[in-house]
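Report on the structure given below.
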Amino acid sequence: MTIFIFLVALLGSILLGIPIAFSLLICGVALMLHLDMFDAQILAQNLLGGADNSALLAIPFFILAGEIMNSGGLSKRIIDLPMKLVGHKQGGLGFVAIIAAMLMGSLSGSAVADTAAVGAILIPMMRSTGYPVNRSAGLIAAGGIIAPIIPPSIPFIIFGVTSGVSITKLFLAGLFPGLVMGLVLAITWRWQSKKMNVVPFKKATRIEILESLKNGSWALLLPVIIVGGFRFGIFTPTEAGAVAAFYALFVSVVIYRDLKLSQLYSILLASAKTSAIVMFLVAAASVSGWLITIAELPIMVGDLLQPLVNSPQILILVIMLIVFIIGMMMDLTPTVLILTPVLMPIVHEAGIDPVYFGVLFILNASIGLITPPVGNVLNVITGIAKIEFDEAAKGVFPYVIVLLLMLIIFSLFPQLILMPLHWIQPA
């Protein structure tokens, strides 16, 4: 009965069009009434306590860094280098999109921001040179979901805070899967681009490549600083966010001089709005998370999945199926906030490495960002490319398939994630 009330209150609110954060609060109130323990003061205390976590400070810092990079010319210079390197090849703009998505993802940590930045620059170029717009949009959308997997991933921060798993380990564990995602997308695009009749770009000279590398070196140094800082224990994820924001501001204002101080107000305002949305979601989810524990929902779910505890691989596959179905209907952040407290107890009981599970979980939920009927990243690229949603869905379909196959392989062979993590994490 408790699970039924939880699902009806949550899904019913969402279907009525109520924002996710308020739906989570309604779900919490419904559980409190069911448990006969409604108290507005307890509700308010858990709401405030949900956002009162120093690790969450990393989120507004990285959001601010992403806004500064888009306004300060870093994004444009990051895209320019792969353009010079592979833009002249068959299907070259697609490979530019993949490389740019990986580089942008290592700076912003946001799939939506990454997709918007890359799409706004490359979609017009791909359209004008004869690339099929729906396939181009599908590729850029699929590349955009690399951002939640490689550091500094905002979803990893949220998962780490919610589950108690080391955020630094999650960041480092996401490096190899993020690179594999890029490789898988490149192979798929290579296969598709053979059938395209497009106008090739002129091959850049060595001098042009070196000039582009010189211009983009300051922007390209940021992911090295962030990953190196984690690897050698120089700073925490929160400190990394502050470093990223300050570095992006310094480079944009002092080095590139594309950002005027008069623009800072609008950048700070946009960052504050985005941060407020995310933080309110986290705070509202903490209310539901606390009541989920009180109502013993994890135990109930554990009882349902108990027969699979002794078969971790089958359990992982079943959990991944559940996450995928929910991810198709819900955005990434709410999916993480709602399912993490429910699934983690059974994950621990089955002896599954929590860092490995976290990477699989975020990867799976990220794929939901490019699948109908919701697909937030798919909606973003639809608006940028000015095409119908179903056209974008057709364009992204091959990439959803190959990413799901990659997810299954990672699920069956945990060492593909854990071994690279052991190689790069501090001793």
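Ordered as shown in the structure tokens, chains take letters A, B, and onward, while each chain numbers its residues from 1 and ligands are numbered from 1 in the order shown.
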
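Residue neighbourhood of A:Phe397, excluding near-sequence residues (fewer than 6 positions): Asn134, Arg135, Ser136, Ala137, Gly138, Leu139, Ala141, Ala142, Leu185, Thr188, Ile367, Gly368, Ile370, Thr371, Pro372, Leu378, Asp390, Glu391, Leu403 and Leu404 of chain A, at 12 Å, using only C-alpha atoms.
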
Keeping only C-alpha atoms, write the selected residues as a compact mmCIF listing (two decimals), in the first residue's frame.
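For reference, out31.txt as written:
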```txt
# COMPACT_ATOMS: atom_id res chain seq x y z
CA ASN A 134 17.96 15.18 -38.13
CA ARG A 135 21.06 12.94 -38.05
CA SER A 136 23.25 15.90 -37.14
CA ALA A 137 20.86 16.85 -34.34
CA GLY A 138 20.75 13.24 -33.12
CA LEU A 139 24.55 13.02 -33.01
CA ALA A 141 22.23 15.29 -28.63
CA ALA A 142 23.93 11.92 -28.06
CA LEU A 185 29.47 7.54 -31.21
CA THR A 188 28.41 4.88 -35.47
CA ILE A 367 20.40 7.95 -21.99
CA GLY A 368 16.89 8.88 -20.86
CA ILE A 370 17.68 11.56 -25.46
CA THR A 371 14.73 9.15 -25.48
CA PRO A 372 11.06 10.06 -26.04
CA LEU A 378 16.34 15.99 -27.33
CA ASP A 390 9.89 13.02 -34.04
CA GLU A 391 12.56 13.90 -36.63
CA LEU A 403 24.74 3.34 -26.05
CA LEU A 404 22.34 0.77 -24.59
```

Produce a table with one row for each residue of stretch 229-335 of chain A that has an atom at most 7 Å from any atom of stretch 54-74 of chain A, each row naming the nearest atom pair and its distance in Å at one decimal; use only C-alpha atoms; arrange rows by chain and rising residue number; format as JSON lines.
```
{"residue": "A:Pro237", "atom": "CA", "partner": "A:Ala58", "partner_atom": "CA", "distance": 6.2}
{"residue": "A:Thr238", "atom": "CA", "partner": "A:Ala58", "partner_atom": "CA", "distance": 4.1}
{"residue": "A:Gly241", "atom": "CA", "partner": "A:Phe61", "partner_atom": "CA", "distance": 4.7}
{"residue": "A:Ala242", "atom": "CA", "partner": "A:Phe61", "partner_atom": "CA", "distance": 5.5}
{"residue": "A:Ala244", "atom": "CA", "partner": "A:Ala65", "partner_atom": "CA", "distance": 5.9}
{"residue": "A:Ala245", "atom": "CA", "partner": "A:Ala65", "partner_atom": "CA", "distance": 4.1}
{"residue": "A:Ala248", "atom": "CA", "partner": "A:Ala65", "partner_atom": "CA", "distance": 6.0}
{"residue": "A:Leu249", "atom": "CA", "partner": "A:Ile68", "partner_atom": "CA", "distance": 6.3}
{"residue": "A:Ser252", "atom": "CA", "partner": "A:Gly72", "partner_atom": "CA", "distance": 4.6}
{"residue": "A:Asp258", "atom": "CA", "partner": "A:Gly72", "partner_atom": "CA", "distance": 5.1}
{"residue": "A:Leu259", "atom": "CA", "partner": "A:Gly72", "partner_atom": "CA", "distance": 4.7}
{"residue": "A:Ile267", "atom": "CA", "partner": "A:Glu67", "partner_atom": "CA", "distance": 6.2}
{"residue": "A:Leu268", "atom": "CA", "partner": "A:Leu64", "partner_atom": "CA", "distance": 6.9}
{"residue": "A:Ser271", "atom": "CA", "partner": "A:Leu64", "partner_atom": "CA", "distance": 5.2}
{"residue": "A:Ser275", "atom": "CA", "partner": "A:Pro60", "partner_atom": "CA", "distance": 5.2}
```

Using only C-alpha atoms, I'd like a table of the residues in stretch 198-275 of chain A that come within 10 Å of stretch 82-98 of chain A; for each, show the closest atom pair and its distance in Å rounded to one decimal, ordered by chain and ascending number, as a Markdown table.
```
| residue | atom | partner | partner_atom | distance |
| --- | --- | --- | --- | --- |
| A:Val198 | CA | A:Gly91 | CA | 7.7 |
| A:Val199 | CA | A:Gln90 | CA | 9.1 |
| A:Pro200 | CA | A:His88 | CA | 5.6 |
| A:Phe201 | CA | A:His88 | CA | 4.5 |
| A:Lys202 | CA | A:His88 | CA | 5.6 |
| A:Lys203 | CA | A:His88 | CA | 5.1 |
| A:Ala204 | CA | A:Lys84 | CA | 5.4 |
| A:Thr205 | CA | A:Lys84 | CA | 8.3 |
| A:Arg206 | CA | A:Lys84 | CA | 9.2 |
| A:Glu208 | CA | A:Lys84 | CA | 7.3 |
| A:Ile209 | CA | A:Lys84 | CA | 5.8 |
| A:Leu210 | CA | A:Lys84 | CA | 9.4 |
| A:Glu211 | CA | A:Lys84 | CA | 9.8 |
| A:Ser212 | CA | A:Lys84 | CA | 7.4 |
| A:Leu213 | CA | A:Lys84 | CA | 9.3 |
```

Among stretch 145-237 of chain A, which ones does DSSP place in helix (DSSP H, G or I), written as a VMD selection string? chain A and resid 154 to 163 167 to 173 175 to 193 206 to 231 237

For A:Ala51, work out the shell of residues within 10 Å, counting only C-alpha atoms and skipping chain neighbours fewer than 2 positions away, then give it as an mmCIF file with all heavy atoms, in the first residue's frame.
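Written file, selection.cif:
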```cif
data_model
loop_
_atom_site.group_PDB
_atom_site.id
_atom_site.type_symbol
_atom_site.label_atom_id
_atom_site.label_comp_id
_atom_site.auth_asym_id
_atom_site.auth_seq_id
_atom_site.Cartn_x
_atom_site.Cartn_y
_atom_site.Cartn_z
ATOM 1 N N ASN A 46 13.264 19.297 7.054
ATOM 2 C CA ASN A 46 13.897 18.409 6.073
ATOM 3 C C ASN A 46 14.134 19.114 4.753
ATOM 4 O O ASN A 46 15.114 18.832 4.056
ATOM 5 C CB ASN A 46 13.026 17.163 5.861
ATOM 6 C CG ASN A 46 13.221 16.117 6.934
ATOM 7 O OD1 ASN A 46 14.162 15.348 6.893
ATOM 8 N ND2 ASN A 46 12.338 16.116 7.915
ATOM 9 N N LEU A 47 13.255 20.048 4.397
ATOM 10 C CA LEU A 47 13.425 20.811 3.173
ATOM 11 C C LEU A 47 14.688 21.674 3.250
ATOM 12 O O LEU A 47 15.490 21.703 2.319
ATOM 13 C CB LEU A 47 12.198 21.689 2.927
ATOM 14 C CG LEU A 47 12.137 22.443 1.596
ATOM 15 C CD1 LEU A 47 12.066 21.471 0.432
ATOM 16 C CD2 LEU A 47 10.946 23.391 1.569
ATOM 17 N N LEU A 48 14.868 22.350 4.382
ATOM 18 C CA LEU A 48 16.059 23.180 4.561
ATOM 19 C C LEU A 48 17.316 22.326 4.697
ATOM 20 O O LEU A 48 18.366 22.645 4.152
ATOM 21 C CB LEU A 48 15.896 24.073 5.797
ATOM 22 C CG LEU A 48 14.841 25.185 5.701
ATOM 23 C CD1 LEU A 48 14.658 25.867 7.053
ATOM 24 C CD2 LEU A 48 15.237 26.213 4.646
ATOM 25 N N GLY A 49 17.184 21.239 5.443
ATOM 26 C CA GLY A 49 18.335 20.363 5.659
ATOM 27 C C GLY A 49 18.823 19.708 4.376
ATOM 28 O O GLY A 49 20.007 19.403 4.238
ATOM 29 N N ASN A 53 24.256 21.226 2.623
ATOM 30 C CA ASN A 53 25.346 20.275 2.478
ATOM 31 C C ASN A 53 26.458 20.958 1.695
ATOM 32 O O ASN A 53 26.251 21.407 0.560
ATOM 33 C CB ASN A 53 24.855 19.014 1.738
ATOM 34 C CG ASN A 53 25.870 17.899 1.755
ATOM 35 O OD1 ASN A 53 27.063 18.119 1.532
ATOM 36 N ND2 ASN A 53 25.413 16.681 2.011
ATOM 37 N N SER A 54 27.627 21.031 2.282
ATOM 38 C CA SER A 54 28.732 21.774 1.656
ATOM 39 C C SER A 54 29.121 21.192 0.297
ATOM 40 O O SER A 54 29.573 21.927 -0.592
ATOM 41 C CB SER A 54 29.950 21.794 2.589
ATOM 42 O OG SER A 54 30.394 20.470 2.854
ATOM 43 N N ALA A 55 28.961 19.875 0.117
ATOM 44 C CA ALA A 55 29.331 19.258 -1.160
ATOM 45 C C ALA A 55 28.485 19.793 -2.311
ATOM 46 O O ALA A 55 28.935 19.833 -3.461
ATOM 47 C CB ALA A 55 29.189 17.739 -1.075
ATOM 48 N N LEU A 56 27.257 20.229 -1.995
ATOM 49 C CA LEU A 56 26.379 20.749 -3.032
ATOM 50 C C LEU A 56 26.836 22.111 -3.560
ATOM 51 O O LEU A 56 26.353 22.573 -4.600
ATOM 52 C CB LEU A 56 24.944 20.866 -2.501
ATOM 53 C CG LEU A 56 24.225 19.543 -2.201
ATOM 54 C CD1 LEU A 56 22.895 19.809 -1.518
ATOM 55 C CD2 LEU A 56 24.023 18.747 -3.476
ATOM 56 N N LEU A 57 27.758 22.764 -2.851
ATOM 57 C CA LEU A 57 28.283 24.048 -3.336
ATOM 58 C C LEU A 57 28.985 23.900 -4.676
ATOM 59 O O LEU A 57 29.112 24.874 -5.435
ATOM 60 C CB LEU A 57 29.267 24.632 -2.315
ATOM 61 C CG LEU A 57 28.672 25.393 -1.127
ATOM 62 C CD1 LEU A 57 29.769 25.762 -0.144
ATOM 63 C CD2 LEU A 57 27.946 26.639 -1.598
ATOM 64 N N VAL A 278 18.002 23.515 -9.411
ATOM 65 C CA VAL A 278 18.638 22.254 -9.018
ATOM 66 C C VAL A 278 18.607 22.074 -7.497
ATOM 67 O O VAL A 278 18.262 20.995 -6.989
ATOM 68 C CB VAL A 278 20.092 22.195 -9.535
ATOM 69 C CG1 VAL A 278 20.788 20.932 -9.034
ATOM 70 C CG2 VAL A 278 20.132 22.243 -11.048
ATOM 71 N N MET A 279 18.943 23.135 -6.764
ATOM 72 C CA MET A 279 19.004 23.033 -5.301
ATOM 73 C C MET A 279 17.622 22.809 -4.696
ATOM 74 O O MET A 279 17.475 22.083 -3.699
ATOM 75 C CB MET A 279 19.645 24.290 -4.727
ATOM 76 C CG MET A 279 21.094 24.508 -5.144
ATOM 77 S SD MET A 279 22.204 23.188 -4.613
ATOM 78 C CE MET A 279 22.420 23.637 -2.900
ATOM 79 N N PHE A 280 16.599 23.429 -5.279
ATOM 80 C CA PHE A 280 15.240 23.201 -4.769
ATOM 81 C C PHE A 280 14.811 21.765 -5.024
ATOM 82 O O PHE A 280 14.127 21.138 -4.198
ATOM 83 C CB PHE A 280 14.266 24.191 -5.414
ATOM 84 C CG PHE A 280 12.870 24.119 -4.841
ATOM 85 C CD1 PHE A 280 12.663 24.061 -3.466
ATOM 86 C CD2 PHE A 280 11.765 24.113 -5.672
ATOM 87 C CE1 PHE A 280 11.384 24.002 -2.934
ATOM 88 C CE2 PHE A 280 10.478 24.051 -5.156
ATOM 89 C CZ PHE A 280 10.293 23.995 -3.778
ATOM 90 N N LEU A 281 15.216 21.221 -6.189
ATOM 91 C CA LEU A 281 14.940 19.812 -6.464
ATOM 92 C C LEU A 281 15.586 18.909 -5.421
ATOM 93 O O LEU A 281 14.964 17.970 -4.909
ATOM 94 C CB LEU A 281 15.472 19.445 -7.851
ATOM 95 C CG LEU A 281 14.509 19.513 -9.037
ATOM 96 C CD1 LEU A 281 15.260 19.297 -10.337
ATOM 97 C CD2 LEU A 281 13.407 18.478 -8.890
ATOM 98 N N VAL A 282 16.849 19.197 -5.119
ATOM 99 C CA VAL A 282 17.573 18.400 -4.118
ATOM 100 C C VAL A 282 16.902 18.514 -2.757
ATOM 101 O O VAL A 282 16.718 17.513 -2.043
ATOM 102 C CB VAL A 282 19.039 18.857 -4.035
ATOM 103 C CG1 VAL A 282 19.763 18.145 -2.894
ATOM 104 C CG2 VAL A 282 19.762 18.593 -5.354
ATOM 105 N N ALA A 283 16.516 19.735 -2.386
ATOM 106 C CA ALA A 283 15.877 19.956 -1.088
ATOM 107 C C ALA A 283 14.540 19.228 -1.007
ATOM 108 O O ALA A 283 14.236 18.571 -0.001
ATOM 109 C CB ALA A 283 15.682 21.457 -0.852
ATOM 110 N N ALA A 284 13.733 19.324 -2.075
ATOM 111 C CA ALA A 284 12.431 18.652 -2.079
ATOM 112 C C ALA A 284 12.597 17.138 -2.052
ATOM 113 O O ALA A 284 11.836 16.430 -1.380
ATOM 114 C CB ALA A 284 11.643 19.075 -3.323
ATOM 115 N N ALA A 285 13.621 16.653 -2.765
ATOM 116 C CA ALA A 285 13.856 15.206 -2.787
ATOM 117 C C ALA A 285 14.302 14.694 -1.423
ATOM 118 O O ALA A 285 14.064 13.531 -1.086
ATOM 119 C CB ALA A 285 14.908 14.873 -3.838
ATOM 120 N N SER A 286 14.953 15.548 -0.635
ATOM 121 C CA SER A 286 15.392 15.112 0.699
ATOM 122 C C SER A 286 14.195 14.825 1.600
ATOM 123 O O SER A 286 14.256 13.949 2.476
ATOM 124 C CB SER A 286 16.292 16.171 1.337
ATOM 125 O OG SER A 286 15.547 17.306 1.720
#
```

Contact table stretch 95-208 of chain A vs stretch 330-341 of chain A, cut-off 9 Å, shortest pair per residue, only C-alpha atoms, as a tab-separated table:
```
residue	atom	partner	partner_atom	distance
A:Pro155	CA	A:Thr333	CA	6.6
A:Ile158	CA	A:Leu337	CA	7.5
A:Phe159	CA	A:Val336	CA	6.3
A:Thr162	CA	A:Thr340	CA	6.8
A:Ser163	CA	A:Thr340	CA	6.4
```

If you measure from atom CA of A:Tyr399 to atom CA of A:Ile121, what distance in Å do you get, rounded to one decimal?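 Computed distance, atom CA of A:Tyr399 to atom CA of A:Ile121, equals 21.0 Å.
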
Please provide as a list in words all residues within 9 Å of A:Ala111, with the sequence filter that same-chain residues fewer than 2 positions apart are discarded (counting only C-alpha atoms).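 My reading of the contact set: Gly105, Ser108, Gly109, Ala113, Asp114, Thr115, Ala116, Ala141, Gly143, Gly144, Ile145, Ile146, Ala147, Pro148, Ser366, Leu369 and Val377 of chain A.
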
Restricted to N, CA and C atoms, what would the selected residues look like written as a PDB file, in the first residue's frame?
```pdb
ATOM      1  N   GLY A 105      32.004  18.840 -22.165  1.00  0.00           N
ATOM      2  CA  GLY A 105      31.512  18.102 -21.011  1.00  0.00           C
ATOM      3  C   GLY A 105      32.495  18.110 -19.857  1.00  0.00           C
ATOM      4  N   SER A 108      31.734  21.809 -18.348  1.00  0.00           N
ATOM      5  CA  SER A 108      30.438  22.258 -17.835  1.00  0.00           C
ATOM      6  C   SER A 108      29.779  21.266 -16.883  1.00  0.00           C
ATOM      7  N   GLY A 109      29.888  19.954 -17.165  1.00  0.00           N
ATOM      8  CA  GLY A 109      29.230  18.950 -16.337  1.00  0.00           C
ATOM      9  C   GLY A 109      27.739  18.876 -16.549  1.00  0.00           C
ATOM     10  N   ALA A 113      23.564  22.172 -21.147  1.00  0.00           N
ATOM     11  CA  ALA A 113      24.458  23.282 -21.496  1.00  0.00           C
ATOM     12  C   ALA A 113      25.420  22.875 -22.607  1.00  0.00           C
ATOM     13  N   ASP A 114      25.943  21.660 -22.517  1.00  0.00           N
ATOM     14  CA  ASP A 114      26.873  21.146 -23.528  1.00  0.00           C
ATOM     15  C   ASP A 114      26.199  21.071 -24.892  1.00  0.00           C
ATOM     16  N   THR A 115      25.010  20.486 -24.928  1.00  0.00           N
ATOM     17  CA  THR A 115      24.272  20.334 -26.184  1.00  0.00           C
ATOM     18  C   THR A 115      23.934  21.685 -26.799  1.00  0.00           C
ATOM     19  N   ALA A 116      23.497  22.621 -25.965  1.00  0.00           N
ATOM     20  CA  ALA A 116      23.125  23.951 -26.460  1.00  0.00           C
ATOM     21  C   ALA A 116      24.337  24.673 -27.057  1.00  0.00           C
ATOM     22  N   ALA A 141      22.967  15.621 -29.858  1.00  0.00           N
ATOM     23  CA  ALA A 141      22.230  15.291 -28.635  1.00  0.00           C
ATOM     24  C   ALA A 141      22.886  14.114 -27.910  1.00  0.00           C
ATOM     25  N   GLY A 143      26.019  13.193 -28.161  1.00  0.00           N
ATOM     26  CA  GLY A 143      27.291  13.668 -27.622  1.00  0.00           C
ATOM     27  C   GLY A 143      27.097  14.477 -26.357  1.00  0.00           C
ATOM     28  N   GLY A 144      25.966  15.166 -26.268  1.00  0.00           N
ATOM     29  CA  GLY A 144      25.713  15.994 -25.098  1.00  0.00           C
ATOM     30  C   GLY A 144      25.620  15.209 -23.802  1.00  0.00           C
ATOM     31  N   ILE A 145      25.175  13.947 -23.876  1.00  0.00           N
ATOM     32  CA  ILE A 145      25.017  13.177 -22.634  1.00  0.00           C
ATOM     33  C   ILE A 145      26.332  12.562 -22.161  1.00  0.00           C
ATOM     34  N   ILE A 146      27.439  12.880 -22.836  1.00  0.00           N
ATOM     35  CA  ILE A 146      28.743  12.504 -22.277  1.00  0.00           C
ATOM     36  C   ILE A 146      29.050  13.373 -21.062  1.00  0.00           C
ATOM     37  N   ALA A 147      28.518  14.593 -21.050  1.00  0.00           N
ATOM     38  CA  ALA A 147      28.805  15.543 -19.960  1.00  0.00           C
ATOM     39  C   ALA A 147      28.470  15.008 -18.577  1.00  0.00           C
ATOM     40  N   PRO A 148      27.354  14.283 -18.377  1.00  0.00           N
ATOM     41  CA  PRO A 148      27.090  13.755 -17.033  1.00  0.00           C
ATOM     42  C   PRO A 148      28.005  12.613 -16.600  1.00  0.00           C
ATOM     43  N   SER A 366      21.196   9.067 -18.036  1.00  0.00           N
ATOM     44  CA  SER A 366      21.574  10.055 -19.054  1.00  0.00           C
ATOM     45  C   SER A 366      21.010   9.678 -20.415  1.00  0.00           C
ATOM     46  N   LEU A 369      17.798  11.089 -21.293  1.00  0.00           N
ATOM     47  CA  LEU A 369      17.730  12.486 -21.745  1.00  0.00           C
ATOM     48  C   LEU A 369      17.552  12.609 -23.253  1.00  0.00           C
ATOM     49  N   VAL A 377      17.296  16.765 -23.358  1.00  0.00           N
ATOM     50  CA  VAL A 377      18.352  17.119 -24.310  1.00  0.00           C
ATOM     51  C   VAL A 377      17.814  17.055 -25.736  1.00  0.00           C
TER      52      VAL A 377
END
```

So that I can see what lies close to A:Ser13, please list as an NGL selection string the residues with an atom at most 10 Å from it, counting only C-alpha atoms and leaving out residues fewer than 6 positions away in the same chain. :A and (7 or 19-20 or 22-27)

Saved selection, atoms kept: C-alpha atoms, as a short mmCIF file (atom, residue, chain, number, x, y, z; two decimals), in the first residue's frame:
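Result file again_35.cif:
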```
data_model
loop_
_atom_site.label_atom_id
_atom_site.label_comp_id
_atom_site.auth_asym_id
_atom_site.auth_seq_id
_atom_site.Cartn_x
_atom_site.Cartn_y
_atom_site.Cartn_z
CA LEU A 7 3.80 6.06 -6.96
CA PRO A 19 6.81 20.80 -11.51
CA ILE A 20 8.96 17.90 -10.31
CA PHE A 22 6.56 20.35 -6.00
CA SER A 23 5.53 16.84 -7.03
CA LEU A 24 8.20 15.49 -4.69
CA LEU A 25 6.83 17.64 -1.87
CA ILE A 26 3.28 16.45 -2.57
CA CYS A 27 4.57 12.88 -2.53
#
```

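Atom CA of A:Ile381 sits 25.2 Å away from atom CA of A:Gly216.
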
Using Å and a single decimal, report how far atom CA of A:Ser110 sits from atom CA of A:Ala270. 14.3 Å

Selection near A:Leu416, 12 Å with only C-alpha atoms, sequence-local residues under 4 positions removed, as number ranges by chain: A: 173-177, 180, 356, 359-360, 406-412, 420-423

Near A:Leu172, within 12 Å and counting only C-alpha atoms, which residues show up once chain neighbours fewer than 6 positions away are dropped, as a ChimeraX atom specification? /A:106,149-153,156,166,178-179,226-233,237,355-356,358-359,417-426

Nearest to A:Gly375: which of A:Pro345, A:Pro398, A:Gly327, A:Pro354 is it, counting only C-alpha atoms? A:Gly327

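Among A:Arg127, A:Ala120, A:Leu35, A:Val243, the residue with the shortest atom-to-atom distance to A:Ile225, counting only C-alpha atoms, is A:Val243.
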
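Among the candidates A:Leu222, A:Ile384, A:Ala40, A:Ala9, the residue lying nearest to A:Leu103 is A:Leu222 (atoms considered: only C-alpha atoms).
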